[in-house]
>>> print(open('start-v4.txt').read())   # compact mmCIF, C-alpha atoms
# COMPACT_ATOMS: atom_id res chain seq x y z
CA MET A 143 0.00 0.00 0.00
CA LYS A 144 1.34 3.37 -1.02
CA ALA A 145 0.12 5.95 1.49
CA ALA A 146 0.91 9.60 2.09
CA ILE A 147 0.07 11.91 4.97
CA ILE A 148 -0.76 15.55 4.45
CA LEU A 149 0.70 18.13 6.75
CA PHE A 150 -1.04 21.44 7.39
CA PRO A 151 0.20 24.24 9.62
CA GLY A 152 -1.06 23.18 13.05
CA THR A 153 -1.23 19.46 12.29
CA ASN A 154 0.27 17.56 15.22
CA ARG A 155 -0.60 13.88 14.82
CA GLU A 156 1.29 13.10 11.61
CA ARG A 157 4.10 11.26 13.37
CA ASP A 158 1.79 8.86 15.21
CA MET A 159 -0.12 8.28 11.98
CA ALA A 160 3.13 7.55 10.12
CA LEU A 161 4.15 5.02 12.80
CA ALA A 162 0.75 3.31 12.62
CA LEU A 163 0.96 3.00 8.84
CA GLN A 164 4.56 1.85 9.06
CA ARG A 165 3.58 -0.83 11.54
CA ALA A 166 0.87 -2.12 9.21
CA THR A 167 2.72 -1.84 5.91
CA GLY A 168 6.43 -1.89 6.72
CA HIS A 169 6.92 1.43 4.95
CA ARG A 170 7.14 4.90 6.37
CA PRO A 171 4.70 7.04 4.37
CA PRO A 172 5.89 10.39 3.02
CA LEU A 173 4.54 13.67 4.36
CA LEU A 174 3.08 16.08 1.82
CA TRP A 175 2.81 19.81 2.39
CA HIS A 176 -0.54 21.60 2.17
CA ARG A 177 0.78 23.93 -0.52
CA ASP A 178 1.56 21.05 -2.86
CA THR A 179 -0.82 20.96 -5.78
CA GLU A 180 -0.32 17.36 -6.87
CA LEU A 181 -0.25 13.99 -5.18
CA PRO A 182 2.56 11.51 -5.98
CA ALA A 183 1.69 9.08 -8.78
CA GLY A 184 0.42 5.64 -7.86
CA LEU A 185 -0.89 6.59 -4.43
CA ASP A 186 -3.41 4.23 -2.79
CA LEU A 187 -4.27 6.16 0.35
CA VAL A 188 -4.23 9.77 1.46
CA VAL A 189 -4.38 10.43 5.19
CA LEU A 190 -5.52 13.69 6.75
CA PRO A 191 -4.21 13.48 10.32
CA GLY A 192 -5.35 15.15 13.52
CA GLY A 193 -4.30 18.43 14.98
CA PHE A 194 -5.47 22.00 14.92
CA SER A 195 -4.85 23.10 11.35
CA TYR A 196 -4.77 26.87 10.94
CA GLY A 197 -5.49 27.19 14.66
CA ASP A 198 -9.08 26.05 14.08
CA TYR A 199 -9.75 29.56 12.75
CA LEU A 200 -13.25 30.22 11.42
CA ARG A 201 -14.34 26.57 11.87
CA CYS A 202 -12.29 23.44 12.49
CA GLY A 203 -10.94 22.22 9.16
CA ALA A 204 -12.46 25.10 7.16
CA MET A 205 -9.16 26.65 6.10
CA ALA A 206 -7.48 23.31 5.40
CA ALA A 207 -10.44 22.30 3.22
CA GLN A 208 -9.61 25.25 0.94
CA SER A 209 -5.86 24.66 0.78
CA PRO A 210 -4.18 23.89 -2.56
CA ILE A 211 -3.60 20.18 -1.87
CA MET A 212 -7.26 19.57 -1.07
CA ARG A 213 -8.19 20.15 -4.70
CA ALA A 214 -5.90 17.24 -5.58
CA VAL A 215 -7.35 15.16 -2.72
CA LYS A 216 -10.89 15.78 -4.00
CA GLU A 217 -9.86 14.71 -7.50
CA PHE A 218 -8.13 11.65 -6.03
CA ALA A 219 -11.31 10.71 -4.12
CA ALA A 220 -13.43 11.31 -7.23
CA ARG A 221 -11.20 8.85 -9.13
CA GLY A 222 -11.86 6.23 -6.45
CA GLY A 223 -8.81 6.89 -4.27
CA HIS A 224 -8.94 5.97 -0.58
CA VAL A 225 -8.89 8.76 1.99
CA LEU A 226 -8.72 8.47 5.77
CA GLY A 227 -9.43 11.51 7.93
CA VAL A 228 -8.92 11.32 11.68
CA CYS A 229 -10.09 13.98 14.13
CA ASN A 230 -9.19 17.28 12.44
CA GLY A 231 -8.96 15.20 9.23
CA PHE A 232 -12.63 14.18 9.63
CA GLN A 233 -13.52 17.84 10.13
CA MET A 234 -11.65 18.67 6.90
CA LEU A 235 -13.49 15.93 4.98
CA ALA A 236 -16.82 17.36 6.12
CA GLU A 237 -15.78 20.93 5.34
CA ALA A 238 -14.51 19.86 1.91
CA GLY A 239 -17.81 18.14 1.16
CA LEU A 240 -16.21 14.69 0.85
CA LEU A 241 -18.44 13.50 3.67
CA PRO A 242 -21.85 14.97 4.56
CA GLY A 243 -22.71 16.81 7.75
CA ALA A 244 -20.52 18.80 10.11
CA LEU A 245 -18.71 18.48 13.43
CA LEU A 246 -20.09 20.86 16.05
CA ARG A 247 -18.74 21.90 19.42
CA ASN A 248 -19.02 18.99 21.88
CA ALA A 249 -22.45 19.07 23.51
CA SER A 250 -20.81 19.42 26.94
CA LEU A 251 -18.74 22.38 25.66
CA ARG A 252 -15.74 20.58 27.11
CA PHE A 253 -12.64 19.47 25.29
CA LEU A 254 -12.68 15.67 25.63
CA SER A 255 -9.37 13.97 26.23
CA MET A 256 -10.18 10.40 27.14
CA ASP A 257 -10.61 6.91 25.81
CA CYS A 258 -13.84 5.87 24.16
CA HIS A 259 -15.18 2.66 22.69
CA MET A 260 -16.53 2.25 19.19
CA ARG A 261 -18.70 -0.51 17.76
CA VAL A 262 -17.83 -1.60 14.24
CA GLU A 263 -21.04 -1.35 12.22
CA ARG A 264 -19.68 -3.00 9.10
CA ALA A 265 -16.60 -5.09 8.53
CA ASP A 266 -16.83 -5.29 4.74
CA THR A 267 -14.94 -2.09 3.99
CA PRO A 268 -11.27 -1.43 3.18
CA PHE A 269 -10.88 0.19 6.60
CA THR A 270 -12.56 -2.43 8.76
CA GLY A 271 -11.94 -5.83 7.13
CA ARG A 272 -9.80 -7.04 10.05
CA PHE A 273 -12.59 -6.35 12.55
CA GLN A 274 -15.74 -8.38 13.09
CA ARG A 275 -19.11 -6.72 12.67
CA GLY A 276 -20.29 -5.68 16.13
CA GLN A 277 -16.76 -5.79 17.54
CA VAL A 278 -15.91 -3.04 20.00
CA PHE A 279 -12.50 -1.41 20.10
CA ARG A 280 -10.99 1.27 22.25
CA ALA A 281 -9.47 4.49 20.96
CA THR A 282 -8.47 7.83 22.39
CA MET A 283 -10.38 10.97 21.64
CA ALA A 284 -8.93 14.43 21.94
CA HIS A 285 -11.24 17.03 20.50
CA GLY A 286 -13.39 20.02 21.27
CA ASP A 287 -15.54 19.78 18.16
CA GLY A 288 -16.55 16.19 17.53
CA ASN A 289 -20.31 16.40 17.81
CA TYR A 290 -21.47 14.98 14.49
CA PHE A 291 -24.45 16.78 13.01
CA ALA A 292 -26.52 16.24 9.90
CA ASP A 293 -30.19 16.90 9.24
CA ALA A 294 -32.65 14.06 9.86
CA ALA A 295 -33.07 13.26 6.15
CA THR A 296 -29.29 12.96 5.69
CA LEU A 297 -28.98 10.78 8.81
CA ASP A 298 -31.74 8.50 7.54
CA ARG A 299 -30.02 8.23 4.17
CA LEU A 300 -26.65 7.44 5.80
CA GLU A 301 -28.28 4.73 7.92
CA GLY A 302 -30.25 3.36 4.97
CA GLU A 303 -27.14 3.16 2.79
CA GLY A 304 -25.09 1.62 5.59
CA LEU A 305 -22.52 4.41 5.64
CA VAL A 306 -22.14 4.60 9.42
CA ALA A 307 -18.89 2.73 10.00
CA LEU A 308 -18.44 3.24 13.73
CA ARG A 309 -20.65 4.22 16.64
CA TYR A 310 -19.78 5.29 20.16
CA ALA A 311 -20.73 2.43 22.46
CA THR A 312 -20.06 0.93 25.86
CA PRO A 313 -17.20 -1.59 26.11
CA GLN A 314 -19.95 -4.24 25.86
CA GLY A 315 -21.16 -2.80 22.56
CA GLU A 316 -24.31 -1.06 23.69
CA VAL A 317 -25.00 2.18 21.87
CA THR A 318 -26.04 4.45 24.72
CA ALA A 319 -26.28 8.19 25.32
CA ALA A 320 -23.72 7.91 28.13
CA ALA A 321 -21.18 6.37 25.74
CA ASN A 322 -21.70 9.27 23.33
CA ARG A 323 -19.57 11.83 25.15
CA ASN A 324 -19.51 14.50 22.46
CA GLY A 325 -23.23 14.32 21.68
CA SER A 326 -22.96 13.04 18.09
CA ALA A 327 -26.17 12.39 16.18
CA ARG A 328 -27.07 8.70 16.48
CA ASN A 329 -23.73 8.03 18.22
CA ILE A 330 -21.91 8.38 14.90
CA ALA A 331 -18.15 8.19 15.40
CA GLY A 332 -17.05 7.22 11.90
CA LEU A 333 -18.63 7.78 8.51
CA LEU A 334 -18.04 6.33 5.04
CA SER A 335 -18.51 7.75 1.55
CA PRO A 336 -20.99 5.90 -0.71
CA ASN A 337 -18.12 4.04 -2.47
CA LEU A 338 -16.74 3.05 1.00
CA ARG A 339 -13.35 4.53 0.13
CA VAL A 340 -13.42 7.64 2.29
CA LEU A 341 -13.58 7.23 6.07
CA GLY A 342 -13.71 10.01 8.62
CA LEU A 343 -13.65 9.40 12.37
CA MET A 344 -13.05 11.57 15.41
CA PRO A 345 -11.16 9.20 17.78
CA HIS A 346 -7.52 8.31 17.14
CA PRO A 347 -6.95 4.65 16.22
CA GLU A 348 -3.28 5.50 15.60
CA ASN A 349 -2.84 5.90 19.38
CA GLN A 350 -3.23 2.18 19.99
CA VAL A 351 -0.90 0.38 17.58
CA ASP A 352 1.95 -0.69 19.85
CA PRO A 353 1.68 -3.46 22.48
CA GLU A 354 4.26 -1.60 24.58
CA ILE A 355 2.29 1.64 24.53
CA ASP A 356 -1.41 1.30 25.39
CA GLY A 357 -2.15 -1.80 23.33
CA THR A 358 -3.08 -2.47 19.74
CA ASP A 359 -6.84 -1.86 19.61
CA GLY A 360 -6.47 0.49 16.65
CA LEU A 361 -4.02 -1.59 14.64
CA PRO A 362 -6.66 -3.67 12.74
CA LEU A 363 -7.84 -0.52 10.98
CA PHE A 364 -4.40 0.03 9.45
CA GLU A 365 -3.89 -3.68 8.80
CA SER A 366 -7.26 -3.77 7.04
CA LEU A 367 -6.07 -1.08 4.65
CA ALA A 368 -2.74 -2.79 4.07
CA GLU A 369 -4.50 -6.10 3.45
CA SER A 370 -7.06 -4.69 1.04
CA PHE A 371 -4.28 -3.26 -1.12
CA ALA A 372 -2.12 -6.37 -0.85
CA ALA A 373 -5.09 -8.42 -2.15
CA ALA A 374 -5.86 -5.96 -4.94
CA MET B 187 -16.70 49.79 0.96
CA LYS B 188 -17.30 47.53 3.90
CA ALA B 189 -19.36 44.37 4.04
CA PHE B 190 -20.50 42.74 7.26
CA VAL B 191 -21.24 39.03 7.11
CA THR B 192 -23.27 37.78 10.07
CA VAL B 193 -23.02 34.03 10.55
CA MET B 194 -25.45 32.30 12.91
CA PRO B 195 -26.11 28.67 13.84
CA LYS B 196 -29.19 27.49 11.94
CA ALA B 197 -32.44 26.95 13.79
CA GLY B 198 -32.44 23.38 15.05
CA VAL B 199 -28.65 23.20 15.31
CA LEU B 200 -27.53 22.81 18.89
CA ASP B 201 -25.82 25.97 20.12
CA PRO B 202 -24.25 25.03 23.46
CA GLN B 203 -22.25 28.26 23.46
CA GLY B 204 -25.43 30.35 23.30
CA LYS B 205 -26.97 28.19 26.01
CA ALA B 206 -23.96 28.69 28.28
CA ILE B 207 -24.05 32.46 27.74
CA GLY B 208 -27.77 32.45 28.63
CA HIS B 209 -27.08 30.53 31.83
CA ALA B 210 -24.29 32.93 32.78
CA LEU B 211 -26.50 35.99 32.20
CA THR B 212 -29.25 34.49 34.33
CA GLY B 213 -26.62 33.75 36.98
CA LEU B 214 -25.61 37.42 36.92
CA GLY B 215 -29.17 38.34 37.86
CA PHE B 216 -30.54 39.41 34.46
CA ALA B 217 -34.16 38.35 34.41
CA GLY B 218 -36.37 37.19 31.57
CA ILE B 219 -33.70 35.77 29.27
CA GLY B 220 -35.10 33.42 26.65
CA GLU B 221 -33.05 31.56 24.06
CA VAL B 222 -29.55 32.93 23.43
CA ARG B 223 -27.77 32.17 20.15
CA ALA B 224 -24.10 32.94 19.55
CA GLY B 225 -22.74 33.61 16.08
CA LYS B 226 -20.04 35.78 14.56
CA VAL B 227 -19.65 38.85 12.39
CA ILE B 228 -16.94 39.03 9.75
CA GLU B 229 -16.08 42.52 8.58
CA LEU B 230 -14.65 42.77 5.06
CA GLU B 231 -13.06 45.77 3.43
CA LEU B 232 -13.77 45.56 -0.30
CA ALA B 233 -12.38 47.56 -3.22
CA GLU B 234 -15.80 47.35 -4.88
CA THR B 235 -17.77 50.62 -4.69
CA ASP B 236 -21.11 49.41 -6.06
CA PRO B 237 -23.14 48.22 -3.02
CA VAL B 238 -25.12 45.68 -5.03
CA LYS B 239 -21.97 44.10 -6.43
CA ALA B 240 -20.22 44.26 -3.05
CA LYS B 241 -23.12 42.47 -1.40
CA ALA B 242 -23.19 39.80 -4.10
CA ALA B 243 -19.43 39.26 -3.72
CA ALA B 244 -19.68 38.96 0.07
CA GLU B 245 -22.55 36.50 -0.28
CA GLU B 246 -20.44 34.38 -2.60
CA MET B 247 -17.59 34.46 -0.05
CA ALA B 248 -20.02 33.43 2.68
CA ARG B 249 -21.30 30.48 0.65
CA LYS B 250 -17.77 29.30 -0.26
CA LEU B 251 -15.97 29.81 3.04
CA LEU B 252 -17.31 32.15 5.71
CA ALA B 253 -20.38 30.08 6.58
CA ASN B 254 -20.90 26.33 6.55
CA THR B 255 -24.45 26.22 5.24
CA VAL B 256 -24.94 22.72 6.64
CA ILE B 257 -25.04 24.23 10.12
CA GLU B 258 -25.03 28.00 9.69
CA SER B 259 -27.08 30.70 8.00
CA PHE B 260 -25.67 34.08 7.02
CA SER B 261 -26.77 37.58 6.14
CA VAL B 262 -24.79 40.40 4.53
CA THR B 263 -25.03 44.14 4.95
CA VAL B 264 -22.84 46.70 3.17
CA GLY B 265 -22.02 50.27 4.00
>>> encode(input="start-v4.txt", output="structure tokens")
Amino acid sequence: MKAAIILFPGTNRERDMALALQRATGHRPPLLWHRDTELPAGLDLVVLPGGFSYGDYLRCGAMAAQSPIMRAVKEFAARGGHVLGVCNGFQMLAEAGLLPGALLRNASLRFLSMDCHMRVERADTPFTGRFQRGQVFRATMAHGDGNYFADAATLDRLEGEGLVALRYATPQGEVTAAANRNGSARNIAGLLSPNLRVLGLMPHPENQVDPEIDGTDGLPLFESLAESFAAA
Amino acid sequence: MKAFVTVMPKAGVLDPQGKAIGHALTGLGFAGIGEVRAGKVIELELAETDPVKAKAAAEEMARKLLANTVIESFSVTVG
């Protein structure tokens, strides 16, 4: 799998993301700068990592969504390229229109820095093939604006088309209001594009990829990607 | 010429910031406070001198960047 990570001013999770991808693929992915206008040839996956791009000015991800490289990322996605956006990356995907809806201020108004659990809603995607459907995994969240919002018609369409990849749940897999710390509509933690090749999620699976450092709960996500490209 | 773009959370979109401000005002002893909504105003200095064109330009800027119309509505005044 040939992956690349995009770096914006204020991005701060690119290194962890690179380590997670390296662990799954054996290769360290290159970092691309937001002012670049083209992606390297033959790329399989573009990753928009977490952080606080452009200081979260205007709205989280709004400035990054308009940066020169995002035009290339949109074209890449339109050609069927795979894109993963985590945390601020999810906010960018929503702002860029690559995923519907928006991420609002957490319902509690508090910045949430804690672990959460997510239930895998479908395991037949390039991002989740190494999980089982209904499996719960732990990840760390660190965001102030992760409250997923979309109007009721959009939410119904997303549910109907099976585009909800991950939902906030208890460790036992129950989708409850208490497990939904940021107040997201229908406990949505991760969302897919209709072709299942774009995934945005707020929590950080790249935090849990090393048995020596907080376990490997998040590793299957990266191994799923590596496997789907190895098989292709 | 100046344009003022007012961006507000849409009706039906949770505005916890507005809610918190309302609670704080009530806590300060101000009575009779109903719903409070918090938005922002973006002030633009434009080279355009025709108010109709300036307004149209600011509205285009609001649609493309200044507001996220999934969650926000906007209005523009010029002067």
>>> atom_distance(input="start-v4.txt", atom1="atom CA of Val215 of chain A", atom2="atom CA of Glu180 of chain A")
8.5 Å
>>> closest_atom_pairs(input="start-v4.txt", of="chain B", to="chain A", cutoff="10 Å", atoms="all atoms listed in the file", output="tab-separated table")
residue	atom	partner	partner_atom	distance
B:Gly198	CA	A:Asp293	CA	9.0
B:Val199	CA	A:Phe291	CA	8.0
B:Leu200	CA	A:Ala249	CA	7.8
B:Asp201	CA	A:Arg247	CA	8.2
B:Pro202	CA	A:Ala249	CA	6.2
B:Gln203	CA	A:Leu251	CA	7.2
B:Ala206	CA	A:Leu251	CA	8.6
B:Lys226	CA	A:Leu200	CA	9.3
B:Ile228	CA	A:Leu200	CA	9.7
B:Lys250	CA	A:Gln208	CA	9.2
B:Leu251	CA	A:Ala204	CA	7.2
B:Leu252	CA	A:Leu200	CA	7.3
B:Ala253	CA	A:Leu200	CA	8.6
B:Asn254	CA	A:Glu237	CA	7.5
B:Thr255	CA	A:Ala244	CA	9.7
B:Val256	CA	A:Gly243	CA	6.4
B:Ile257	CA	A:Ala244	CA	7.1
>>> closest_residue(input="start-v4.txt", among="A:Glu348, A:Asp359, A:Glu365, A:Glu263", to="Leu161 of chain A", atoms="only C-alpha atoms")
A:Glu348
>>> closest_residue(input="start-v4.txt", among="A:Val317, A:Ile330, A:Ile148, A:Leu341", to="Val228 of chain A", atoms="all atoms listed in the file")
A:Leu341
>>> residues_around(input="start-v4.txt", residues="segment 232-240 of chain B", least_positions_apart="4", cutoff="8 Å", atoms="all atoms listed in the file", output="ChimeraX atom specification")
/B:187-189,244,264-265
>>> residues_around(input="start-v4.txt", residues="Leu240 of chain A", least_positions_apart="6", cutoff="10 Å", atoms="only C-alpha atoms", output="PyMOL selection string")
chain A and resi 207+215-216+219-220+225+232+234+334-335+340-342
>>> residues_near_point(input="start-v4.txt", point="(-21.5, 32.2, 1.3)", cutoff="6 Å", atoms="only C-alpha atoms", output="list of chain:residue names")
B:Glu245, B:Glu246, B:Met247, B:Ala248, B:Arg249, B:Lys250, B:Ala253
>>> write_last_selection(input="start-v4.txt", atoms="C-alpha atoms", output="PDB file, in the coordinates of the input")
ATOM      1  CA  GLU B 245     -22.550  36.500  -0.280  1.00  0.00           C
ATOM      2  CA  GLU B 246     -20.440  34.380  -2.600  1.00  0.00           C
ATOM      3  CA  MET B 247     -17.590  34.460  -0.050  1.00  0.00           C
ATOM      4  CA  ALA B 248     -20.020  33.430   2.680  1.00  0.00           C
ATOM      5  CA  ARG B 249     -21.300  30.480   0.650  1.00  0.00           C
ATOM      6  CA  LYS B 250     -17.770  29.300  -0.260  1.00  0.00           C
ATOM      7  CA  ALA B 253     -20.380  30.080   6.580  1.00  0.00           C
TER       8      ALA B 253
END
>>> atom_distance(input="start-v4.txt", atom1="atom CA of Asp178 of chain A", atom2="atom CA of Gly332 of chain A")
27.5 Å
>>> residues_around(input="start-v4.txt", residues="Thr318 of chain A", least_positions_apart="2", cutoff="12 Å", atoms="only C-alpha atoms", output="PDB file with C-alpha atoms, in the frame of the given file")
ATOM      1  CA  HIS A 259     -15.180   2.660  22.690  1.00  0.00           C
ATOM      2  CA  MET A 260     -16.530   2.250  19.190  1.00  0.00           C
ATOM      3  CA  ARG A 261     -18.700  -0.510  17.760  1.00  0.00           C
ATOM      4  CA  ARG A 309     -20.650   4.220  16.640  1.00  0.00           C
ATOM      5  CA  TYR A 310     -19.780   5.290  20.160  1.00  0.00           C
ATOM      6  CA  ALA A 311     -20.730   2.430  22.460  1.00  0.00           C
ATOM      7  CA  THR A 312     -20.060   0.930  25.860  1.00  0.00           C
ATOM      8  CA  PRO A 313     -17.200  -1.590  26.110  1.00  0.00           C
ATOM      9  CA  GLN A 314     -19.950  -4.240  25.860  1.00  0.00           C
ATOM     10  CA  GLY A 315     -21.160  -2.800  22.560  1.00  0.00           C
ATOM     11  CA  GLU A 316     -24.310  -1.060  23.690  1.00  0.00           C
ATOM     12  CA  ALA A 320     -23.720   7.910  28.130  1.00  0.00           C
ATOM     13  CA  ALA A 321     -21.180   6.370  25.740  1.00  0.00           C
ATOM     14  CA  ASN A 322     -21.700   9.270  23.330  1.00  0.00           C
ATOM     15  CA  ARG A 323     -19.570  11.830  25.150  1.00  0.00           C
ATOM     16  CA  GLY A 325     -23.230  14.320  21.680  1.00  0.00           C
ATOM     17  CA  SER A 326     -22.960  13.040  18.090  1.00  0.00           C
ATOM     18  CA  ALA A 327     -26.170  12.390  16.180  1.00  0.00           C
ATOM     19  CA  ARG A 328     -27.070   8.700  16.480  1.00  0.00           C
ATOM     20  CA  ASN A 329     -23.730   8.030  18.220  1.00  0.00           C
ATOM     21  CA  ILE A 330     -21.910   8.380  14.900  1.00  0.00           C
TER      22      ILE A 330
END
>>> closest_residue(input="start-v4.txt", among="A:Ile355, A:Leu361, A:Cys202, A:Ala265", to="His285 of chain A", atoms="all atoms listed in the file")
A:Cys202
>>> atom_distance(input="start-v4.txt", atom1="atom CA of Thr263 of chain B", atom2="atom CA of Leu211 of chain B")
28.5 Å
>>> axis_aligned_box(input="start-v4.txt", around="segment 203-219 of chain B", padding_each_side="5 Å", output="JSON")
{"center_x": -29.3, "center_y": 33.8, "center_z": 30.6, "size_x": 24.1, "size_y": 21.2, "size_z": 24.6}
>>> residues_around(input="start-v4.txt", residues="Met256 of chain A", least_positions_apart="3", cutoff="8 Å", atoms="all atoms listed in the file", output="list of chain:residue names")
A:Thr282, A:Met283, A:Ala284
>>> residues_around(input="start-v4.txt", residues="Met194 of chain B", least_positions_apart="6", cutoff="9 Å", atoms="only C-alpha atoms", output="PyMOL selection string")
chain B and resi 223-227+253+257-261
>>> residues_near_point(input="start-v4.txt", point="(-1.5, -4.4, 9.3)", cutoff="12 Å", atoms="only C-alpha atoms", output="ChimeraX atom specification")
/A:143,161-169,268-273,348,351-352,358-372
>>> closest_residue(input="start-v4.txt", among="A:Arg221, A:Arg170, A:Lys144, A:His176", to="Arg339 of chain A", atoms="only C-alpha atoms")
A:Arg221
>>> decode(input="start-v4.txt", residues="segment 298-309 of chain A", atoms="N, CA, C and O atoms", output="CSV table (one decimal), in the first residue's frame")
chain,number,residue,atom,x,y,z
A,298,ASP,N,-31.0,9.7,8.0
A,298,ASP,CA,-31.7,8.5,7.5
A,298,ASP,C,-31.1,7.9,6.3
A,298,ASP,O,-31.0,6.7,6.2
A,299,ARG,N,-30.6,8.7,5.4
A,299,ARG,CA,-30.0,8.2,4.2
A,299,ARG,C,-28.7,7.5,4.5
A,299,ARG,O,-28.5,6.4,4.0
A,300,LEU,N,-27.9,8.1,5.4
A,300,LEU,CA,-26.7,7.4,5.8
A,300,LEU,C,-26.9,6.1,6.4
A,300,LEU,O,-26.2,5.1,6.1
A,301,GLU,N,-27.9,6.0,7.3
A,301,GLU,CA,-28.3,4.7,7.9
A,301,GLU,C,-28.8,3.7,6.9
A,301,GLU,O,-28.4,2.6,6.8
A,302,GLY,N,-29.7,4.2,6.0
A,302,GLY,CA,-30.2,3.4,5.0
A,302,GLY,C,-29.2,2.8,4.0
A,302,GLY,O,-29.3,1.6,3.6
A,303,GLU,N,-28.2,3.6,3.7
A,303,GLU,CA,-27.1,3.2,2.8
A,303,GLU,C,-26.0,2.5,3.5
A,303,GLU,O,-25.0,2.1,2.9
A,304,GLY,N,-26.1,2.3,4.8
A,304,GLY,CA,-25.1,1.6,5.6
A,304,GLY,C,-23.8,2.3,5.6
A,304,GLY,O,-22.7,1.7,5.6
A,305,LEU,N,-23.8,3.7,5.7
A,305,LEU,CA,-22.5,4.4,5.6
A,305,LEU,C,-22.0,4.8,7.0
A,305,LEU,O,-20.9,5.4,7.1
A,306,VAL,N,-22.7,4.4,8.1
A,306,VAL,CA,-22.1,4.6,9.4
A,306,VAL,C,-21.2,3.4,9.7
A,306,VAL,O,-21.6,2.3,9.8
A,307,ALA,N,-19.9,3.8,9.8
A,307,ALA,CA,-18.9,2.7,10.0
A,307,ALA,C,-18.7,2.4,11.5
A,307,ALA,O,-18.5,1.2,11.8
A,308,LEU,N,-18.8,3.4,12.3
A,308,LEU,CA,-18.4,3.2,13.7
A,308,LEU,C,-19.4,4.1,14.6
A,308,LEU,O,-19.7,5.2,14.2
A,309,ARG,N,-19.8,3.5,15.7
A,309,ARG,CA,-20.7,4.2,16.6
A,309,ARG,C,-20.1,4.2,18.0
A,309,ARG,O,-19.5,3.1,18.4
